[in-house]
Amino acid sequence: MKEKTRRIELLDELRGFAILAMIIHHTFYDIGFVLGLDWGYTVFDKLCVLQPVFWAIFIVISGICSRLSRNTLKRGAIVFAAGLGVTLVTAVIMPKMGITGAEIYFGILSCLGVCMMITGLLMPLINKTNPILGMAISAVLFAVFYSISARSLLFGLIKLPDSLYQTNWLMPLGIFSDTFESADYFSIIPWFFMFLFGAFLGKYAKDGAFPAFAYKKHSKFLSFIGRNSLWFYLAHQPVIYAILYLVAHIIYLIYK
């Protein structure tokens, strides 16, 4: 955060909550994937209805923090590089270890990294734009393009031509063919508009105009996770996999 800017503890806590919820959600999928227990998939599927809430919290907060960062462009490059690292591990290294089905192409880190870099480049324009107007436009654009991956706009009211979806080269934009699969996927469109909404909202954070309770710490645990969200995201799957594979090995030895 920039110097002389009061830390908004609530943002750390909300981001920590979103990351923790994501870790718990992924754990149920991994229980099904690693241990072969169908109830893990069942619980995972039922919790999917809550996913958009956690996504919205995390992405909007990231947008707010882009307004508080010393160098949004540099930070975006670092996060994008981390996303490429995730792809390297899940799509190249893990399959060579015999672990398939967990490949990640353009996951949350890749998307956030690109959103940060674009926002960094647009920051002079963002600073000149009325924040309420900016949030309104961002919300409208998000709604218009939300269903782009389902080959439509305005939640299905406008159908897009199937010819657009015959290749995966436009996958980062939310346009891909039926052959595309990714264990975690966030396209630039529409999520950039949600990020941009946060960037405009960040004007009030930058001015110290958030409610007083937002600057007070309510949970050290969630705050710690939120402050180290990148590292928790990068580490959670390897740690969960290691634990579950150890459990699977112990079960195998017991019932051998």
# chains A, B, ... in the order shown; residues from 1 in each chain; ligands from 1
>>> residues_around(residues="Tyr29 in chain A", least_positions_apart="6", cutoff="6 Å", atoms="only C-alpha atoms", output="PyMOL selection string")
chain A and resi 40-41+44
>>> write_last_selection(atoms="N, CA and C atoms", output="tab-separated table (two decimals), in the first residue's frame")
chain	number	residue	atom	x	y	z
A	40	GLY	N	-17.26	-36.52	-1.87
A	40	GLY	CA	-16.45	-35.31	-2.02
A	40	GLY	C	-16.91	-34.50	-3.22
A	41	TYR	N	-17.14	-35.18	-4.36
A	41	TYR	CA	-17.65	-34.50	-5.55
A	41	TYR	C	-19.05	-33.94	-5.29
A	44	PHE	N	-18.79	-30.82	-3.21
A	44	PHE	CA	-18.18	-29.80	-4.06
A	44	PHE	C	-19.22	-29.19	-5.00
>>> residues_around(residues="range 216-233 of chain A", least_positions_apart="6", cutoff="7 Å", atoms="only C-alpha atoms", output="list in words")
Glu9, Leu10, Asp12, Glu13, Arg15, Gly16, Phe17 and Ile19 of chain A
>>> closest_atom_pairs(of="range 33-103 of chain A", to="range 173-188 of chain A", cutoff="9 Å", atoms="only C-alpha atoms", output="Markdown table")
| residue | atom | partner | partner_atom | distance |
| --- | --- | --- | --- | --- |
| A:Gly101 | CA | A:Ala183 | CA | 7.4 |
| A:Ala102 | CA | A:Ala183 | CA | 5.4 |
| A:Glu103 | CA | A:Ser182 | CA | 5.7 |
>>> write_last_selection(atoms="N, CA, C and O atoms", output="short mmCIF file (atom, residue, chain, number, x, y, z; two decimals), in the first residue's frame")
data_model
loop_
_atom_site.label_atom_id
_atom_site.label_comp_id
_atom_site.auth_asym_id
_atom_site.auth_seq_id
_atom_site.Cartn_x
_atom_site.Cartn_y
_atom_site.Cartn_z
N GLY A 101 -5.95 -34.51 -15.14
CA GLY A 101 -7.30 -34.04 -14.83
C GLY A 101 -7.32 -32.80 -13.95
O GLY A 101 -8.39 -32.30 -13.61
N ALA A 102 -6.13 -32.30 -13.57
CA ALA A 102 -6.06 -31.12 -12.71
C ALA A 102 -5.38 -29.95 -13.42
O ALA A 102 -4.96 -28.99 -12.78
N GLU A 103 -5.29 -30.03 -14.75
CA GLU A 103 -4.61 -28.97 -15.50
C GLU A 103 -5.35 -27.64 -15.38
O GLU A 103 -6.58 -27.60 -15.47
#
>>> select_by_dssp(residues="range 66-223 of chain A", states="strand (DSSP E)", output="count of residues only")
4
>>> select_by_dssp(residues="range 16-98 of chain A", states="alpha helix (DSSP H)", output="ChimeraX atom specification")
/A:16-35,38-47,51-66,72-88,94-96
>>> residues_around(residues="Gly120 in chain A", least_positions_apart="5", cutoff="8 Å", atoms="only C-alpha atoms", output="MDAnalysis selection string")
chainID A and resid 66 71:73
>>> write_last_selection(atoms="N, CA and C atoms", output="short mmCIF file (atom, residue, chain, number, x, y, z; two decimals), in the first residue's frame")
data_model
loop_
_atom_site.label_atom_id
_atom_site.label_comp_id
_atom_site.auth_asym_id
_atom_site.auth_seq_id
_atom_site.Cartn_x
_atom_site.Cartn_y
_atom_site.Cartn_z
N SER A 66 -5.77 -2.33 -6.21
CA SER A 66 -4.99 -1.81 -7.34
C SER A 66 -4.89 -0.29 -7.26
N ASN A 71 2.71 0.18 -7.36
CA ASN A 71 2.98 -0.10 -8.77
C ASN A 71 2.08 -1.25 -9.22
N THR A 72 0.88 -0.93 -9.68
CA THR A 72 -0.09 -1.94 -10.09
C THR A 72 0.42 -2.75 -11.27
N LEU A 73 1.12 -2.11 -12.18
CA LEU A 73 1.63 -2.80 -13.37
C LEU A 73 2.64 -3.87 -12.97
#
>>> atom_distance(atom1="CA of Tyr105 in chain A", atom2="CA of Val34 in chain A")
20.5 Å
